[in-house]
Amino acid sequence: MIRRASTTAGIAAAAGVSLRLLGRRSARRLLSGPRTTPDEAALGPALDGLGGEVVRLRSRDGLRLAGRWLPRSGEAGDWAPDPHEAILLLHGYSGSIVPDLVEYGPFLRRTAGVLGLDFRGHGESDDGPTTFGLLEVEDIAGALDWLGERGITRVALVGTSMGGISAIAAVAVLGDGSLSSADGDPMAPRDPAPPPRPAIVAVVAESVPPELAGPIAARLRGPARRFIAARLFDAAAASLGADPRATEPARVIGLVEPVPLLLIHGEADTTVPVEDGRHLASLAGQSAEHWIVPGAGHSAGHATAPDAYEQRVIAFLRAALLEARGSGPIIAAPGPPAGDPTLRAIDMED
């Protein structure tokens, strides 16, 4: 009996060790988004056709990041471009910024110059874990500083999937101008004073889940997928020393107010079901709009309905930029809080 109990205990202990090792390996995979995707090699000619400038900048925590700057160009119509405005384009979990620049760059740059950024661990940027917004905020802060050094004073963030998650987290984490400790780097030298960080005046976020475990669970097989996804994030948090779920959208989206926010969701998204999109929109403030694109899958709103997508996003961005031209900062250097929101929350289906 004692021998049998000892054997059982040994098997249980071995199983526990195996599960922990498996959890650590899975967490490493979770934190290692693919640098590039297989289809990126074929996009070289299209990327070259965009022109622009390959740039190098540093994240707020010192990593070297790669990006591409596309100056404003194209038919502006009745739009009056302002050289002090820019759009920061943010990619998802897999691959570099190249596919997004090729898809979204041509129409976004009709409104303002576009900086496409490779997050840490992606594209040509330095190695670093993929943390679903937690550390990507440091990359966004570095990109904003780079833009500020070039005279940009107003920036709109545009991102799909993890890019949208990171955009929302950036507005929450970088502060609303009322807390200097949130807006500045306390370790930065006091002299000479750096250029002011541009104001974040709008966010467009597509295919964003309320909770990070949701999309991971959707990609798993078998029972208890949500439980397993949560345990993966537990292991990832232990590895990082910080929990990526601390800045997941459901926790921080209320802090985006009063910055205008356009949430876009595909009606046929199986990675982030449309019900999750509606739930996230319900947590947002009155400055948020929610647009559901019929028939669109994950991050496929533009591919599914390109004309409607471009019209909706351009109109939203231009309205936000125009509003910001005539008002004080929304997200900027320390100072008085922004005024009352002027936009009403909308949930629309086309």
# chains A, B, ... in the order shown; residues from 1 in each chain; ligands from 1
$ residues_around --residues "segment 216-223 of chain A" --least-positions-apart "4" --cutoff "9 Å" --atoms "only C-alpha atoms" --output "list in words"
Leu30, Leu212, Phe227, Ile228, Ala229, Ala230, Thr270, Thr271 and Val272 of chain A
$ residues_around --residues "Arg312 of chain A" --least-positions-apart "4" --cutoff "12 Å" --atoms "only C-alpha atoms" --output "ChimeraX atom specification"
/A:107-108,204,262-264,289-293,301-302,305-308,316-319,348,350
$ select_by_dssp --residues "segment 58-217 of chain A" --states "helix (DSSP H, G or I)" --output "PyMOL selection string"
chain A and resi 98-108+136-149+162-174+180-183+213-217
$ residues_around --residues "segment 244-247 of chain A" --least-positions-apart "4" --cutoff "6 Å" --atoms "only C-alpha atoms" --output "VMD selection string"
chain A and resid 131 134 169
$ atom_distance --atom1 "atom CA of Leu232 of chain A" --atom2 "atom CA of Pro249 of chain A"
18.2 Å
$ atom_distance --atom1 "atom CA of Thr160 of chain A" --atom2 "atom CA of Gly254 of chain A"
19.0 Å
$ residues_around --residues "Pro215 of chain A" --least-positions-apart "6" --cutoff "12 Å" --atoms "only C-alpha atoms" --output "MDAnalysis selection string"
chainID A and resid 30 93 132 161:162 165 207:209 225:226 229:230 269:273 276:277 298
$ write_last_selection --atoms "all heavy atoms" --output "short mmCIF file (atom, residue, chain, number, x, y, z; two decimals), in the first residue's frame"
data_model
loop_
_atom_site.label_atom_id
_atom_site.label_comp_id
_atom_site.auth_asym_id
_atom_site.auth_seq_id
_atom_site.Cartn_x
_atom_site.Cartn_y
_atom_site.Cartn_z
N LEU A 30 3.76 31.95 -27.03
CA LEU A 30 2.76 33.02 -27.00
C LEU A 30 3.43 34.38 -27.09
O LEU A 30 2.91 35.30 -27.73
CB LEU A 30 1.94 32.91 -25.71
CG LEU A 30 0.81 33.93 -25.50
CD1 LEU A 30 -0.30 33.73 -26.52
CD2 LEU A 30 0.26 33.83 -24.08
N TYR A 93 -0.48 40.71 -34.43
CA TYR A 93 0.42 39.76 -33.76
C TYR A 93 1.44 39.15 -34.71
O TYR A 93 2.60 38.97 -34.35
CB TYR A 93 -0.42 38.67 -33.11
CG TYR A 93 0.36 37.57 -32.44
CD1 TYR A 93 0.90 37.74 -31.17
CD2 TYR A 93 0.54 36.34 -33.07
CE1 TYR A 93 1.61 36.73 -30.54
CE2 TYR A 93 1.25 35.32 -32.44
CZ TYR A 93 1.78 35.52 -31.19
OH TYR A 93 2.48 34.51 -30.58
N PHE A 132 1.12 41.96 -26.38
CA PHE A 132 -0.29 42.33 -26.57
C PHE A 132 -0.61 43.71 -25.99
O PHE A 132 -1.67 43.93 -25.42
CB PHE A 132 -1.21 41.27 -25.96
CG PHE A 132 -0.98 39.89 -26.52
CD1 PHE A 132 -0.05 39.04 -25.95
CD2 PHE A 132 -1.68 39.45 -27.63
CE1 PHE A 132 0.17 37.77 -26.47
CE2 PHE A 132 -1.46 38.19 -28.17
CZ PHE A 132 -0.53 37.35 -27.58
N SER A 161 -6.30 44.34 -34.76
CA SER A 161 -6.02 43.25 -33.83
C SER A 161 -5.07 43.72 -32.73
O SER A 161 -5.40 44.65 -31.99
CB SER A 161 -5.49 42.05 -34.61
OG SER A 161 -5.55 40.87 -33.83
N MET A 162 -3.87 43.13 -32.61
CA MET A 162 -2.96 43.57 -31.55
C MET A 162 -2.58 45.02 -31.71
O MET A 162 -2.30 45.72 -30.71
CB MET A 162 -1.71 42.69 -31.52
CG MET A 162 -0.85 42.91 -30.28
SD MET A 162 0.71 41.99 -30.28
CE MET A 162 1.69 42.98 -31.43
N ILE A 165 -5.35 46.82 -30.03
CA ILE A 165 -5.20 46.63 -28.58
C ILE A 165 -4.15 47.60 -28.04
O ILE A 165 -4.34 48.27 -27.02
CB ILE A 165 -4.80 45.18 -28.27
CG1 ILE A 165 -5.93 44.21 -28.63
CG2 ILE A 165 -4.41 45.02 -26.80
CD1 ILE A 165 -5.52 42.74 -28.56
N SER A 207 -11.05 44.80 -34.95
CA SER A 207 -10.93 43.41 -34.49
C SER A 207 -10.25 43.33 -33.13
O SER A 207 -9.33 42.53 -32.92
CB SER A 207 -10.19 42.56 -35.52
OG SER A 207 -10.92 42.49 -36.73
N VAL A 208 -10.70 44.14 -32.20
CA VAL A 208 -10.11 44.18 -30.86
C VAL A 208 -11.00 43.41 -29.89
O VAL A 208 -12.20 43.67 -29.80
CB VAL A 208 -9.95 45.64 -30.40
CG1 VAL A 208 -9.55 45.71 -28.94
CG2 VAL A 208 -8.92 46.35 -31.27
N PRO A 209 -10.44 42.47 -29.11
CA PRO A 209 -11.22 41.71 -28.15
C PRO A 209 -11.31 42.44 -26.82
O PRO A 209 -10.42 43.24 -26.48
CB PRO A 209 -10.39 40.43 -27.98
CG PRO A 209 -8.98 40.91 -28.12
CD PRO A 209 -9.02 42.02 -29.16
N ARG A 225 -10.99 25.45 -23.43
CA ARG A 225 -10.06 26.31 -24.14
C ARG A 225 -9.83 27.64 -23.44
O ARG A 225 -8.71 28.14 -23.39
CB ARG A 225 -10.58 26.56 -25.57
CG ARG A 225 -10.58 25.31 -26.44
CD ARG A 225 -11.11 25.61 -27.82
NE ARG A 225 -12.51 26.03 -27.80
CZ ARG A 225 -13.17 26.47 -28.86
NH1 ARG A 225 -12.56 26.56 -30.03
NH2 ARG A 225 -14.44 26.81 -28.77
N ARG A 226 -10.89 28.22 -22.89
CA ARG A 226 -10.75 29.50 -22.19
C ARG A 226 -9.87 29.34 -20.95
O ARG A 226 -9.03 30.19 -20.65
CB ARG A 226 -12.14 30.02 -21.81
CG ARG A 226 -12.17 31.48 -21.41
CD ARG A 226 -12.27 32.34 -22.63
NE ARG A 226 -12.33 33.74 -22.30
CZ ARG A 226 -12.78 34.67 -23.11
NH1 ARG A 226 -13.19 34.35 -24.31
NH2 ARG A 226 -12.81 35.93 -22.75
N ALA A 229 -6.26 28.99 -22.10
CA ALA A 229 -5.72 30.29 -22.54
C ALA A 229 -5.37 31.16 -21.34
O ALA A 229 -4.33 31.84 -21.34
CB ALA A 229 -6.74 30.99 -23.44
N ALA A 230 -6.21 31.14 -20.32
CA ALA A 230 -5.93 31.93 -19.12
C ALA A 230 -4.66 31.44 -18.44
O ALA A 230 -3.85 32.24 -17.94
CB ALA A 230 -7.10 31.87 -18.17
N ASP A 269 -16.25 37.52 -38.01
CA ASP A 269 -14.99 37.28 -37.31
C ASP A 269 -15.14 36.08 -36.37
O ASP A 269 -15.99 36.10 -35.47
CB ASP A 269 -14.61 38.53 -36.50
CG ASP A 269 -13.19 38.49 -35.97
OD1 ASP A 269 -12.63 37.38 -35.84
OD2 ASP A 269 -12.65 39.57 -35.67
N THR A 270 -14.35 35.05 -36.58
CA THR A 270 -14.39 33.87 -35.71
C THR A 270 -13.29 33.91 -34.64
O THR A 270 -13.35 33.14 -33.68
CB THR A 270 -14.23 32.58 -36.53
OG1 THR A 270 -13.02 32.63 -37.28
CG2 THR A 270 -15.41 32.40 -37.48
N THR A 271 -12.31 34.78 -34.79
CA THR A 271 -11.26 34.93 -33.78
C THR A 271 -11.74 35.80 -32.63
O THR A 271 -11.51 35.49 -31.45
CB THR A 271 -10.00 35.55 -34.41
OG1 THR A 271 -9.55 34.71 -35.48
CG2 THR A 271 -8.89 35.68 -33.39
N VAL A 272 -12.40 36.90 -32.96
CA VAL A 272 -13.03 37.76 -31.96
C VAL A 272 -14.49 37.90 -32.38
O VAL A 272 -14.83 38.75 -33.21
CB VAL A 272 -12.36 39.15 -31.89
CG1 VAL A 272 -12.99 39.99 -30.79
CG2 VAL A 272 -10.86 39.01 -31.66
N PRO A 273 -15.38 37.05 -31.87
CA PRO A 273 -16.78 37.07 -32.31
C PRO A 273 -17.41 38.45 -32.16
O PRO A 273 -17.03 39.24 -31.28
CB PRO A 273 -17.44 36.05 -31.38
CG PRO A 273 -16.33 35.13 -30.98
CD PRO A 273 -15.11 36.01 -30.89
N ASP A 276 -18.35 39.80 -28.85
CA ASP A 276 -17.27 40.38 -28.05
C ASP A 276 -17.03 41.83 -28.46
O ASP A 276 -16.72 42.68 -27.61
CB ASP A 276 -15.99 39.57 -28.22
CG ASP A 276 -16.02 38.24 -27.48
OD1 ASP A 276 -17.02 37.98 -26.78
OD2 ASP A 276 -15.07 37.46 -27.62
N GLY A 277 -17.15 42.10 -29.76
CA GLY A 277 -17.00 43.47 -30.21
C GLY A 277 -18.06 44.39 -29.63
O GLY A 277 -17.77 45.52 -29.22
N HIS A 298 -11.73 38.38 -39.46
CA HIS A 298 -10.80 39.04 -38.53
C HIS A 298 -9.85 39.96 -39.30
O HIS A 298 -9.16 39.53 -40.23
CB HIS A 298 -10.00 37.98 -37.77
CG HIS A 298 -9.19 38.55 -36.65
ND1 HIS A 298 -9.76 39.07 -35.51
CD2 HIS A 298 -7.85 38.67 -36.49
CE1 HIS A 298 -8.82 39.48 -34.70
NE2 HIS A 298 -7.64 39.26 -35.27
#
$ residues_around --residues "Ala268 of chain A" --least-positions-apart "3" --cutoff "7 Å" --atoms "only C-alpha atoms" --output "VMD selection string"
chain A and resid 295 to 297
$ select_by_dssp --residues "segment 48-83 of chain A" --states "strand (DSSP E)" --output "list in words"
Glu53, Val54, Val55, Arg56, Leu57, Arg58, Arg64, Leu65, Ala66, Gly67, Arg68, Trp69 and Leu70 of chain A
$ residues_around --residues "segment 77-84 of chain A" --least-positions-apart "6" --cutoff "9 Å" --atoms "only C-alpha atoms" --output "MDAnalysis selection string"
chainID A and resid 110:113 150:155 318
$ closest_residue --among "A:Gly92, A:Pro71, A:Pro260, A:Gly121" --to "Ser299 of chain A" --atoms "only C-alpha atoms"
A:Gly92
$ closest_residue --among "A:Ala27, A:Ala42, A:Val137, A:Val256" --to "Arg231 of chain A" --atoms "only C-alpha atoms"
A:Ala27
$ residues_around --residues "Ala167 of chain A" --least-positions-apart "2" --cutoff "9 Å" --atoms "only C-alpha atoms" --output "VMD selection string"
chain A and resid 90 133 136 to 137 140 157 to 159 162 to 165 169 to 172 203 to 205
